[in-house]
Amino acid sequence: MLELLRDKAVGTVGRGTDGVLGADELWRNAAALAARLPEPTPDSMVTFSFGRDRSAFVTALLGSWLAGHGVALPESSRRDHVASVMALPEHVELLHDTGIRRGIDVAEMLATAGDGDSVATDALRGENRVGDPDRVLLATHTTGADGCVHVREFTAEQLRDEVLALAEDLELAADQVVVHELSPMFELAVLAGVLAPMAAGGAFELRMGSGDERTPERLTEAARDLGARVALCSGHMVRALAGLPSGALGVLDFVGCHGEPPAAAAHAIREHHGVAVGAVLAADPVADIAIDAVDRLLAVEGIDDAGVVRVGDSPVALVGIVGPESGLLSARAAAAAAFDEAVELVVRTVPVVQRDANGRIAFGDFCASMGRSRDGGAITRELRWRAESGDDPDMQQFRTSIPANYAFFAGHFMTYPVLAGGVQLQELVLPCVRAANPGIGALQRLDAVKFLARIAPGDEIVVQLRGFATGERVTFEIWCADTRCTSGKLRFAAAVDPESVGPEVEWPRRGAAVRSFRRSTTRGPCATSSRPCARTISRSCSSMTAAGPKASRSVRRSVATGSRTSNGCRRIAARVRRCRPASRARAN
């Protein structure tokens, strides 16, 4: 592959509306980068994370090959996509343009490179350090329409044959440029947007800088400015191009997609613009079915946009429509026509169909908008507890397994799920306390709470409780196997037996409690010492406890945090007055 590019990639190799990139400069930059990379091994791979700078991406591609490494391409620069590739054992380095302080920032290196960085350029250009034709030179990781990551590997020989075949199919010639609206690392953009034009003696589109989201108008404008005959885009962009007025596609002869283009939009482009539309690279069969389903959905009146994904190997397809809920029945019928009868359709309205930088459905985001987990599975909030007896009579123990689709893992975090501390207390500890002592009062205080180890999906955990024999103070621990994950102490209010409160019981009047409290805040040595005032306020608060815990908690919280002047005390009194309606309703 390097020999082919060395012979063909000469002169101008990158073109853009803001300048050009010459082959000599590109090879010099690639050699400087290659000198910074570690020594290769037979399986070593360099992971990429590029989203803005295409010249830096091509520099990284050639530099990695010059250094003897293969290249692993996640589908985008999102952290979850990149992290999963970096976790592979063959990963040796990260090249990126994201600005993070990790790996090598190629864009930054190019901006600060001097003449001294071009040493050994000729030697590196002339040496093929990837001598084995069966060596994997490129591996693309792409999430399909079923949510599964599909890895496509190219050996040096396979990559060369694929690139030459694309250059012939697209009828690329010298001095031609290919434009596209795809991210640098997307498989179609790399093979047909960069390598095929360079192998034909042409150029890739040079577009640098952030904020390069492309509209149909900007894509056609770039094609006219650069004289491009071929444009590469997503199926979503094909639909947008079909809506342009006749003649708007300018000098284009062909619009290519990853997978089959939407049939209705492709027909409109052929009829109104005289431009051919077709698949450049084959996609998975599920993607073609999803495209057909979206075409049928958009034909339904009132539906402005739609998204369809298949959930892994399960017979479930998620269908989201942007439109009124009254169109759900018609949407279900339209989607069902694209799938076989065995597929279960989950149809909902969504505010927007989430798409990635390549115009494809962002699988995890779309599933979340459909009320599913990010892998498309149904989520659960329920835990199945089992009470266990122990040797300690003062200890009560409960066991459960945290399901992988537990709702509270969502967003915390995408690639490293951790059960949040608040969730542990609310969903693990407190239900066990209530099960062990149904009559215990309201939770008042947390003490010495420590989160010592991670609780992850699939963990079997044990919640141990002690202290019921001594009253309202409970000590808890959460264990996963032999690891103590969380510990702490809880203080509860004294329980009130509802059966002991009859019609003859009269609750204290809130007005009297507030007046007593206000008197305490206008007397005493507030201006000289805060301690007597705080004690007085606490005594006044005790008369409000029965009148409603909301008012009592509010005042005690203010005293604990609060002001040391009479003005601060008046503000505390104002908080009490605001609590009055809720407390009165509780008393009634």
# chains A, B, ... in the order shown; residues from 1 in each chain; ligands from 1
>>> residues_around(residues="segment 274-280 of chain A", least_positions_apart="2", cutoff="9 Å", atoms="only C-alpha atoms", output="CSV table (one decimal) with N, CA, C and O atoms, in the first residue's frame")
chain,number,residue,atom,x,y,z
A,166,LEU,N,-12.0,0.6,-5.8
A,166,LEU,CA,-12.8,1.8,-5.6
A,166,LEU,C,-12.5,2.9,-6.6
A,166,LEU,O,-13.3,3.6,-7.1
A,169,ASP,N,-14.0,1.9,-9.9
A,169,ASP,CA,-15.5,2.0,-9.8
A,169,ASP,C,-16.0,3.4,-9.9
A,169,ASP,O,-17.0,3.7,-10.5
A,170,LEU,N,-15.3,4.3,-9.1
A,170,LEU,CA,-15.7,5.7,-9.1
A,170,LEU,C,-15.2,6.5,-10.3
A,170,LEU,O,-15.5,7.7,-10.4
A,188,LEU,N,-16.0,4.6,5.0
A,188,LEU,CA,-16.3,5.1,3.6
A,188,LEU,C,-15.4,6.3,3.3
A,188,LEU,O,-14.8,6.5,2.2
A,192,ALA,N,-12.8,5.5,0.3
A,192,ALA,CA,-13.2,6.2,-0.9
A,192,ALA,C,-12.9,7.6,-0.9
A,192,ALA,O,-12.8,8.3,-2.0
A,232,LEU,N,-19.5,11.8,-1.4
A,232,LEU,CA,-19.8,10.7,-0.5
A,232,LEU,C,-20.7,11.2,0.7
A,232,LEU,O,-20.3,12.3,1.2
A,238,VAL,N,-28.5,12.0,1.7
A,238,VAL,CA,-29.2,11.8,0.4
A,238,VAL,C,-30.6,12.3,0.4
A,238,VAL,O,-31.1,12.9,-0.6
A,247,GLY,N,-30.7,21.3,-10.6
A,247,GLY,CA,-29.5,22.0,-10.9
A,247,GLY,C,-28.6,22.3,-9.8
A,247,GLY,O,-27.5,22.8,-10.0
A,249,LEU,N,-27.0,20.4,-7.7
A,249,LEU,CA,-25.9,19.5,-7.5
A,249,LEU,C,-24.7,19.9,-8.3
A,249,LEU,O,-23.7,19.1,-8.3
A,252,LEU,N,-21.5,17.5,-10.0
A,252,LEU,CA,-21.5,16.1,-9.6
A,252,LEU,C,-22.1,15.1,-10.6
A,252,LEU,O,-23.1,15.4,-11.3
A,253,ASP,N,-21.4,14.0,-10.7
A,253,ASP,CA,-21.9,12.9,-11.5
A,253,ASP,C,-22.4,11.7,-10.7
A,253,ASP,O,-23.2,10.9,-11.2
A,254,PHE,N,-21.9,11.6,-9.4
A,254,PHE,CA,-22.2,10.4,-8.6
A,254,PHE,C,-22.3,10.8,-7.2
A,254,PHE,O,-21.4,11.5,-6.7
A,255,VAL,N,-23.3,10.3,-6.5
A,255,VAL,CA,-23.4,10.4,-5.0
A,255,VAL,C,-23.3,9.0,-4.4
A,255,VAL,O,-24.2,8.2,-4.8
A,256,GLY,N,-22.4,8.7,-3.6
A,256,GLY,CA,-22.2,7.4,-3.0
A,256,GLY,C,-22.5,7.3,-1.6
A,256,GLY,O,-22.3,8.3,-0.8
A,257,CYS,N,-22.9,6.1,-1.1
A,257,CYS,CA,-23.4,5.9,0.2
A,257,CYS,C,-22.7,4.7,0.8
A,257,CYS,O,-22.2,3.8,0.0
A,258,HIS,N,-22.7,4.5,2.1
A,258,HIS,CA,-22.3,3.3,2.8
A,258,HIS,C,-23.5,2.5,2.9
A,258,HIS,O,-24.4,2.7,3.8
A,259,GLY,N,-23.7,1.5,2.1
A,259,GLY,CA,-24.9,0.7,2.0
A,259,GLY,C,-25.9,1.3,1.0
A,259,GLY,O,-25.6,2.3,0.4
A,260,GLU,N,-27.0,0.6,0.8
A,260,GLU,CA,-28.0,1.1,-0.2
A,260,GLU,C,-28.6,2.4,0.2
A,260,GLU,O,-28.9,2.6,1.4
A,261,PRO,N,-28.6,3.4,-0.7
A,261,PRO,CA,-29.2,4.7,-0.4
A,261,PRO,C,-30.8,4.5,-0.3
A,261,PRO,O,-31.3,3.6,-0.8
A,266,ALA,N,-33.1,8.5,-3.8
A,266,ALA,CA,-32.2,8.2,-4.9
A,266,ALA,C,-32.9,8.4,-6.2
A,266,ALA,O,-32.4,9.0,-7.2
A,267,HIS,N,-34.2,8.0,-6.3
A,267,HIS,CA,-35.0,8.1,-7.5
A,267,HIS,C,-35.2,9.6,-7.8
A,267,HIS,O,-35.1,10.1,-9.0
A,269,ILE,N,-33.3,12.2,-7.0
A,269,ILE,CA,-32.0,12.8,-7.4
A,269,ILE,C,-31.7,12.4,-8.9
A,269,ILE,O,-31.3,13.3,-9.7
A,270,ARG,N,-32.0,11.2,-9.3
A,270,ARG,CA,-31.8,10.8,-10.6
A,270,ARG,C,-32.7,11.5,-11.6
A,270,ARG,O,-32.3,12.0,-12.7
A,271,GLU,N,-34.0,11.7,-11.2
A,271,GLU,CA,-35.0,12.3,-12.1
A,271,GLU,C,-34.8,13.8,-12.2
A,271,GLU,O,-34.9,14.3,-13.3
A,272,HIS,N,-34.5,14.5,-11.1
A,272,HIS,CA,-34.5,15.9,-11.0
A,272,HIS,C,-33.1,16.5,-11.3
A,272,HIS,O,-33.0,17.7,-11.7
A,282,ALA,N,-20.6,-2.0,0.9
A,282,ALA,CA,-21.8,-2.7,1.3
A,282,ALA,C,-21.9,-2.5,2.8
A,282,ALA,O,-21.0,-2.4,3.6
A,283,ALA,N,-23.2,-2.5,3.3
A,283,ALA,CA,-23.5,-2.4,4.7
A,283,ALA,C,-24.1,-3.7,5.2
A,283,ALA,O,-24.4,-4.6,4.4
>>> select_by_dssp(residues="segment 216-413 of chain A", states="helix (DSSP H, G or I)", output="ChimeraX atom specification")
/A:216-226,235-242,263-273,285-298,325-336,363-369,407-409
>>> atom_distance(atom1="atom CA of Ala222 of chain A", atom2="atom CA of Phe57 of chain A")
19.9 Å
>>> residues_around(residues="Gly458 of chain A", least_positions_apart="2", cutoff="9 Å", atoms="only C-alpha atoms", output="NGL selection string")
:A and (401-404 or 455-456 or 460)
>>> write_last_selection(atoms="N, CA and C atoms", output="compact mmCIF listing (two decimals), in the first residue's frame")
# COMPACT_ATOMS: atom_id res chain seq x y z
N SER A 401 -28.75 -9.48 43.42
CA SER A 401 -27.84 -9.36 42.29
C SER A 401 -28.23 -8.13 41.48
N ILE A 402 -27.26 -7.29 41.15
CA ILE A 402 -27.53 -6.07 40.39
C ILE A 402 -27.61 -6.43 38.91
N PRO A 403 -28.76 -6.29 38.28
CA PRO A 403 -28.87 -6.69 36.86
C PRO A 403 -28.08 -5.75 35.95
N ALA A 404 -27.66 -6.29 34.82
CA ALA A 404 -26.88 -5.50 33.87
C ALA A 404 -27.71 -4.36 33.29
N ILE A 455 -19.52 -0.70 42.69
CA ILE A 455 -20.58 -1.68 42.46
C ILE A 455 -20.95 -1.61 40.99
N ALA A 456 -20.79 -2.71 40.27
CA ALA A 456 -20.93 -2.74 38.82
C ALA A 456 -22.07 -3.66 38.41
N GLU A 460 -23.11 -9.44 42.69
CA GLU A 460 -24.00 -9.95 43.75
C GLU A 460 -23.57 -9.29 45.05
>>> residues_around(residues="segment 335-343 of chain A", least_positions_apart="5", cutoff="10 Å", atoms="only C-alpha atoms", output="JSON, numbers by chain")
{"A": [286, 288, 289, 290, 291, 292, 293, 294, 295, 296, 297, 308, 310, 314, 315, 316, 317, 318, 319, 330]}
>>> residues_around(residues="segment 12-20 of chain A", least_positions_apart="6", cutoff="10 Å", atoms="only C-alpha atoms", output="mmCIF file with all heavy atoms, in the first residue's frame")
data_model
loop_
_atom_site.group_PDB
_atom_site.id
_atom_site.type_symbol
_atom_site.label_atom_id
_atom_site.label_comp_id
_atom_site.auth_asym_id
_atom_site.auth_seq_id
_atom_site.Cartn_x
_atom_site.Cartn_y
_atom_site.Cartn_z
ATOM 1 N N LEU A 26 3.253 16.468 3.109
ATOM 2 C CA LEU A 26 2.555 15.373 3.770
ATOM 3 C C LEU A 26 3.521 14.271 4.162
ATOM 4 O O LEU A 26 3.498 13.782 5.301
ATOM 5 C CB LEU A 26 1.459 14.824 2.842
ATOM 6 C CG LEU A 26 0.714 13.583 3.352
ATOM 7 C CD1 LEU A 26 -0.035 13.896 4.641
ATOM 8 C CD2 LEU A 26 -0.251 13.063 2.290
ATOM 9 N N ARG A 54 -8.498 16.942 8.961
ATOM 10 C CA ARG A 54 -8.285 15.847 8.017
ATOM 11 C C ARG A 54 -6.832 15.716 7.592
ATOM 12 O O ARG A 54 -6.359 14.616 7.327
ATOM 13 C CB ARG A 54 -9.179 16.037 6.788
ATOM 14 C CG ARG A 54 -10.652 15.885 7.105
ATOM 15 C CD ARG A 54 -11.471 15.908 5.859
ATOM 16 N NE ARG A 54 -12.894 15.829 6.201
ATOM 17 C CZ ARG A 54 -13.856 15.842 5.303
ATOM 18 N NH1 ARG A 54 -13.573 15.944 4.033
ATOM 19 N NH2 ARG A 54 -15.120 15.770 5.682
ATOM 20 N N SER A 55 -6.118 16.815 7.471
ATOM 21 C CA SER A 55 -4.711 16.706 7.105
ATOM 22 C C SER A 55 -3.935 16.004 8.210
ATOM 23 O O SER A 55 -3.026 15.205 7.934
ATOM 24 C CB SER A 55 -4.123 18.096 6.835
ATOM 25 O OG SER A 55 -4.111 18.874 8.013
ATOM 26 N N VAL A 58 -4.662 12.178 7.849
ATOM 27 C CA VAL A 58 -3.905 11.511 6.790
ATOM 28 C C VAL A 58 -2.428 11.423 7.174
ATOM 29 O O VAL A 58 -1.764 10.415 6.902
ATOM 30 C CB VAL A 58 -4.092 12.245 5.450
ATOM 31 C CG1 VAL A 58 -3.320 11.543 4.342
ATOM 32 C CG2 VAL A 58 -5.570 12.317 5.083
ATOM 33 N N ASP A 175 -5.765 14.575 -10.588
ATOM 34 C CA ASP A 175 -6.191 15.955 -10.330
ATOM 35 C C ASP A 175 -7.657 16.076 -9.915
ATOM 36 O O ASP A 175 -8.172 17.197 -9.800
ATOM 37 C CB ASP A 175 -5.946 16.858 -11.547
ATOM 38 C CG ASP A 175 -4.474 16.930 -11.911
ATOM 39 O OD1 ASP A 175 -3.644 16.835 -10.979
ATOM 40 O OD2 ASP A 175 -4.165 17.048 -13.113
ATOM 41 N N GLN A 176 -8.341 14.952 -9.695
ATOM 42 C CA GLN A 176 -9.722 15.016 -9.226
ATOM 43 C C GLN A 176 -9.759 14.945 -7.705
ATOM 44 O O GLN A 176 -8.886 14.348 -7.073
ATOM 45 C CB GLN A 176 -10.564 13.879 -9.817
ATOM 46 C CG GLN A 176 -10.885 14.045 -11.289
ATOM 47 C CD GLN A 176 -11.824 12.969 -11.782
ATOM 48 O OE1 GLN A 176 -12.130 12.038 -11.049
ATOM 49 N NE2 GLN A 176 -12.272 13.105 -13.013
ATOM 50 N N VAL A 177 -10.790 15.531 -7.135
ATOM 51 C CA VAL A 177 -10.973 15.528 -5.694
ATOM 52 C C VAL A 177 -12.340 14.949 -5.362
ATOM 53 O O VAL A 177 -13.291 15.107 -6.138
ATOM 54 C CB VAL A 177 -10.833 16.961 -5.123
ATOM 55 C CG1 VAL A 177 -11.923 17.868 -5.636
ATOM 56 C CG2 VAL A 177 -10.838 16.937 -3.596
ATOM 57 N N VAL A 178 -12.425 14.267 -4.248
ATOM 58 C CA VAL A 178 -13.683 13.688 -3.770
ATOM 59 C C VAL A 178 -14.122 14.473 -2.545
ATOM 60 O O VAL A 178 -13.334 14.656 -1.607
ATOM 61 C CB VAL A 178 -13.515 12.201 -3.424
ATOM 62 C CG1 VAL A 178 -14.801 11.646 -2.814
ATOM 63 C CG2 VAL A 178 -13.137 11.403 -4.667
ATOM 64 N N VAL A 179 -15.366 14.967 -2.538
ATOM 65 C CA VAL A 179 -15.882 15.702 -1.387
ATOM 66 C C VAL A 179 -16.823 14.793 -0.601
ATOM 67 O O VAL A 179 -17.424 13.864 -1.152
ATOM 68 C CB VAL A 179 -16.625 16.991 -1.819
ATOM 69 C CG1 VAL A 179 -15.692 17.933 -2.540
ATOM 70 C CG2 VAL A 179 -17.830 16.672 -2.695
ATOM 71 N N VAL A 194 -10.243 9.238 0.833
ATOM 72 C CA VAL A 194 -8.829 9.603 0.985
ATOM 73 C C VAL A 194 -7.927 8.707 0.142
ATOM 74 O O VAL A 194 -7.210 9.172 -0.746
ATOM 75 C CB VAL A 194 -8.405 9.540 2.467
ATOM 76 C CG1 VAL A 194 -6.900 9.709 2.615
ATOM 77 C CG2 VAL A 194 -9.120 10.616 3.267
ATOM 78 N N PRO A 197 -8.730 8.384 -4.002
ATOM 79 C CA PRO A 197 -8.263 9.527 -4.801
ATOM 80 C C PRO A 197 -6.738 9.627 -4.860
ATOM 81 O O PRO A 197 -6.170 9.922 -5.920
ATOM 82 C CB PRO A 197 -8.871 10.734 -4.076
ATOM 83 C CG PRO A 197 -10.028 10.203 -3.333
ATOM 84 C CD PRO A 197 -9.644 8.810 -2.934
ATOM 85 N N MET A 198 -6.046 9.384 -3.728
ATOM 86 C CA MET A 198 -4.592 9.461 -3.726
ATOM 87 C C MET A 198 -3.988 8.377 -4.616
ATOM 88 O O MET A 198 -2.994 8.611 -5.324
ATOM 89 C CB MET A 198 -4.061 9.349 -2.300
ATOM 90 C CG MET A 198 -4.389 10.536 -1.416
ATOM 91 S SD MET A 198 -3.832 10.313 0.296
ATOM 92 C CE MET A 198 -2.054 10.289 0.084
ATOM 93 N N GLY A 201 -3.962 9.361 -8.189
ATOM 94 C CA GLY A 201 -3.229 10.570 -8.500
ATOM 95 C C GLY A 201 -4.019 11.833 -8.249
ATOM 96 O O GLY A 201 -3.602 12.923 -8.655
ATOM 97 N N GLY A 202 -5.163 11.712 -7.565
ATOM 98 C CA GLY A 202 -5.991 12.870 -7.265
ATOM 99 C C GLY A 202 -5.742 13.376 -5.859
ATOM 100 O O GLY A 202 -4.634 13.256 -5.317
ATOM 101 N N ALA A 203 -6.791 13.938 -5.257
ATOM 102 C CA ALA A 203 -6.636 14.568 -3.939
ATOM 103 C C ALA A 203 -7.879 14.317 -3.102
ATOM 104 O O ALA A 203 -8.976 14.094 -3.620
ATOM 105 C CB ALA A 203 -6.403 16.069 -4.089
ATOM 106 N N PHE A 204 -7.663 14.340 -1.792
ATOM 107 C CA PHE A 204 -8.795 14.301 -0.863
ATOM 108 C C PHE A 204 -9.193 15.730 -0.513
ATOM 109 O O PHE A 204 -8.405 16.668 -0.701
ATOM 110 C CB PHE A 204 -8.441 13.507 0.397
ATOM 111 C CG PHE A 204 -7.266 14.033 1.157
ATOM 112 C CD1 PHE A 204 -7.424 14.999 2.140
ATOM 113 C CD2 PHE A 204 -5.981 13.568 0.902
ATOM 114 C CE1 PHE A 204 -6.348 15.492 2.854
ATOM 115 C CE2 PHE A 204 -4.894 14.045 1.604
ATOM 116 C CZ PHE A 204 -5.070 15.009 2.580
ATOM 117 N N GLU A 205 -10.415 15.886 -0.017
ATOM 118 C CA GLU A 205 -10.872 17.225 0.355
ATOM 119 C C GLU A 205 -10.208 17.638 1.651
ATOM 120 O O GLU A 205 -10.292 16.942 2.662
ATOM 121 C CB GLU A 205 -12.388 17.270 0.503
ATOM 122 C CG GLU A 205 -12.903 18.664 0.811
ATOM 123 C CD GLU A 205 -14.363 18.673 1.211
ATOM 124 O OE1 GLU A 205 -14.955 17.595 1.323
ATOM 125 O OE2 GLU A 205 -14.900 19.771 1.426
ATOM 126 N N LEU A 206 -9.554 18.765 1.623
ATOM 127 C CA LEU A 206 -8.839 19.279 2.789
ATOM 128 C C LEU A 206 -9.751 20.248 3.516
ATOM 129 O O LEU A 206 -10.040 21.337 3.044
ATOM 130 C CB LEU A 206 -7.565 19.998 2.333
ATOM 131 C CG LEU A 206 -6.660 20.560 3.417
ATOM 132 C CD1 LEU A 206 -6.117 19.460 4.298
ATOM 133 C CD2 LEU A 206 -5.533 21.354 2.790
ATOM 134 N N ARG A 207 -10.223 19.807 4.665
ATOM 135 C CA ARG A 207 -11.108 20.669 5.444
ATOM 136 C C ARG A 207 -10.660 20.604 6.876
ATOM 137 O O ARG A 207 -10.657 19.546 7.492
ATOM 138 C CB ARG A 207 -12.545 20.204 5.315
ATOM 139 C CG ARG A 207 -13.546 21.097 6.013
ATOM 140 C CD ARG A 207 -14.945 20.785 5.539
ATOM 141 N NE ARG A 207 -15.199 19.351 5.486
ATOM 142 C CZ ARG A 207 -16.256 18.777 6.058
ATOM 143 N NH1 ARG A 207 -17.106 19.502 6.716
ATOM 144 N NH2 ARG A 207 -16.449 17.482 5.948
ATOM 145 N N MET A 208 -10.227 21.730 7.417
ATOM 146 C CA MET A 208 -9.681 21.763 8.767
ATOM 147 C C MET A 208 -10.511 22.689 9.633
ATOM 148 O O MET A 208 -11.254 23.536 9.137
ATOM 149 C CB MET A 208 -8.225 22.234 8.757
ATOM 150 C CG MET A 208 -7.292 21.275 8.035
ATOM 151 S SD MET A 208 -5.561 21.713 8.268
ATOM 152 C CE MET A 208 -5.499 23.300 7.496
ATOM 153 N N ALA A 222 -19.081 23.127 -1.928
ATOM 154 C CA ALA A 222 -17.716 22.617 -1.968
ATOM 155 C C ALA A 222 -17.451 21.859 -3.251
ATOM 156 O O ALA A 222 -16.351 21.948 -3.832
ATOM 157 C CB ALA A 222 -17.464 21.714 -0.757
ATOM 158 N N ASP A 225 -16.863 24.483 -5.944
ATOM 159 C CA ASP A 225 -15.604 25.211 -5.776
ATOM 160 C C ASP A 225 -14.398 24.359 -6.151
ATOM 161 O O ASP A 225 -13.405 24.874 -6.679
ATOM 162 C CB ASP A 225 -15.465 25.697 -4.337
ATOM 163 C CG ASP A 225 -16.474 26.776 -3.990
ATOM 164 O OD1 ASP A 225 -17.040 27.379 -4.924
ATOM 165 O OD2 ASP A 225 -16.704 26.998 -2.779
ATOM 166 N N LEU A 226 -14.463 23.052 -5.853
ATOM 167 C CA LEU A 226 -13.321 22.171 -6.098
ATOM 168 C C LEU A 226 -13.448 21.385 -7.389
ATOM 169 O O LEU A 226 -12.543 20.607 -7.725
ATOM 170 C CB LEU A 226 -13.145 21.202 -4.921
ATOM 171 C CG LEU A 226 -12.920 21.849 -3.545
ATOM 172 C CD1 LEU A 226 -12.848 20.783 -2.463
ATOM 173 C CD2 LEU A 226 -11.650 22.688 -3.546
#
>>> residues_around(residues="Phe408 of chain A", least_positions_apart="4", cutoff="12 Å", atoms="only C-alpha atoms", output="ChimeraX atom specification")
/A:372-373,379-383,402-404,412-414,417-424,426-428,455-457
>>> atom_distance(atom1="atom CA of Phe363 of chain A", atom2="atom CA of Gly144 of chain A")
8.4 Å
>>> decode(residues="segment 290-328 of chain A", atoms="C-alpha atoms", output="PDB file, in the first residue's frame")
ATOM      1  CA  ALA A 290     -33.821  -0.097   8.529  1.00  0.00           C
ATOM      2  CA  ILE A 291     -33.406   2.264   5.548  1.00  0.00           C
ATOM      3  CA  ASP A 292     -36.405   0.681   3.858  1.00  0.00           C
ATOM      4  CA  ALA A 293     -38.454   1.028   7.056  1.00  0.00           C
ATOM      5  CA  VAL A 294     -37.546   4.725   7.407  1.00  0.00           C
ATOM      6  CA  ASP A 295     -38.576   5.325   3.768  1.00  0.00           C
ATOM      7  CA  ARG A 296     -41.972   3.814   4.506  1.00  0.00           C
ATOM      8  CA  LEU A 297     -42.338   5.831   7.705  1.00  0.00           C
ATOM      9  CA  LEU A 298     -41.526   9.143   6.018  1.00  0.00           C
ATOM     10  CA  ALA A 299     -44.270   8.423   3.485  1.00  0.00           C
ATOM     11  CA  VAL A 300     -46.819   8.572   6.334  1.00  0.00           C
ATOM     12  CA  GLU A 301     -48.485  11.972   6.598  1.00  0.00           C
ATOM     13  CA  GLY A 302     -47.385  13.968   9.637  1.00  0.00           C
ATOM     14  CA  ILE A 303     -44.087  12.150  10.271  1.00  0.00           C
ATOM     15  CA  ASP A 304     -41.198  14.601   9.886  1.00  0.00           C
ATOM     16  CA  ASP A 305     -38.354  12.231  10.716  1.00  0.00           C
ATOM     17  CA  ALA A 306     -37.895   8.647  11.837  1.00  0.00           C
ATOM     18  CA  GLY A 307     -35.276   6.248  13.110  1.00  0.00           C
ATOM     19  CA  VAL A 308     -35.223   2.452  13.195  1.00  0.00           C
ATOM     20  CA  VAL A 309     -32.705   0.104  14.838  1.00  0.00           C
ATOM     21  CA  ARG A 310     -32.655  -3.613  15.539  1.00  0.00           C
ATOM     22  CA  VAL A 311     -31.634  -4.668  19.050  1.00  0.00           C
ATOM     23  CA  GLY A 312     -28.740  -7.112  18.703  1.00  0.00           C
ATOM     24  CA  ASP A 313     -29.774 -10.697  18.043  1.00  0.00           C
ATOM     25  CA  SER A 314     -33.156 -10.274  19.718  1.00  0.00           C
ATOM     26  CA  PRO A 315     -36.363 -10.096  17.634  1.00  0.00           C
ATOM     27  CA  VAL A 316     -36.979  -6.493  18.705  1.00  0.00           C
ATOM     28  CA  ALA A 317     -36.843  -3.354  16.555  1.00  0.00           C
ATOM     29  CA  LEU A 318     -37.092   0.157  17.995  1.00  0.00           C
ATOM     30  CA  VAL A 319     -39.033   2.653  15.891  1.00  0.00           C
ATOM     31  CA  GLY A 320     -38.958   6.334  16.819  1.00  0.00           C
ATOM     32  CA  ILE A 321     -40.949   8.945  14.934  1.00  0.00           C
ATOM     33  CA  VAL A 322     -40.858  12.723  15.096  1.00  0.00           C
ATOM     34  CA  GLY A 323     -44.490  13.657  14.812  1.00  0.00           C
ATOM     35  CA  PRO A 324     -47.837  13.461  16.625  1.00  0.00           C
ATOM     36  CA  GLU A 325     -48.761  10.460  18.747  1.00  0.00           C
ATOM     37  CA  SER A 326     -51.828  10.067  16.587  1.00  0.00           C
ATOM     38  CA  GLY A 327     -49.521   8.714  13.890  1.00  0.00           C
ATOM     39  CA  LEU A 328     -48.250   5.789  15.985  1.00  0.00           C
TER      40      LEU A 328
END
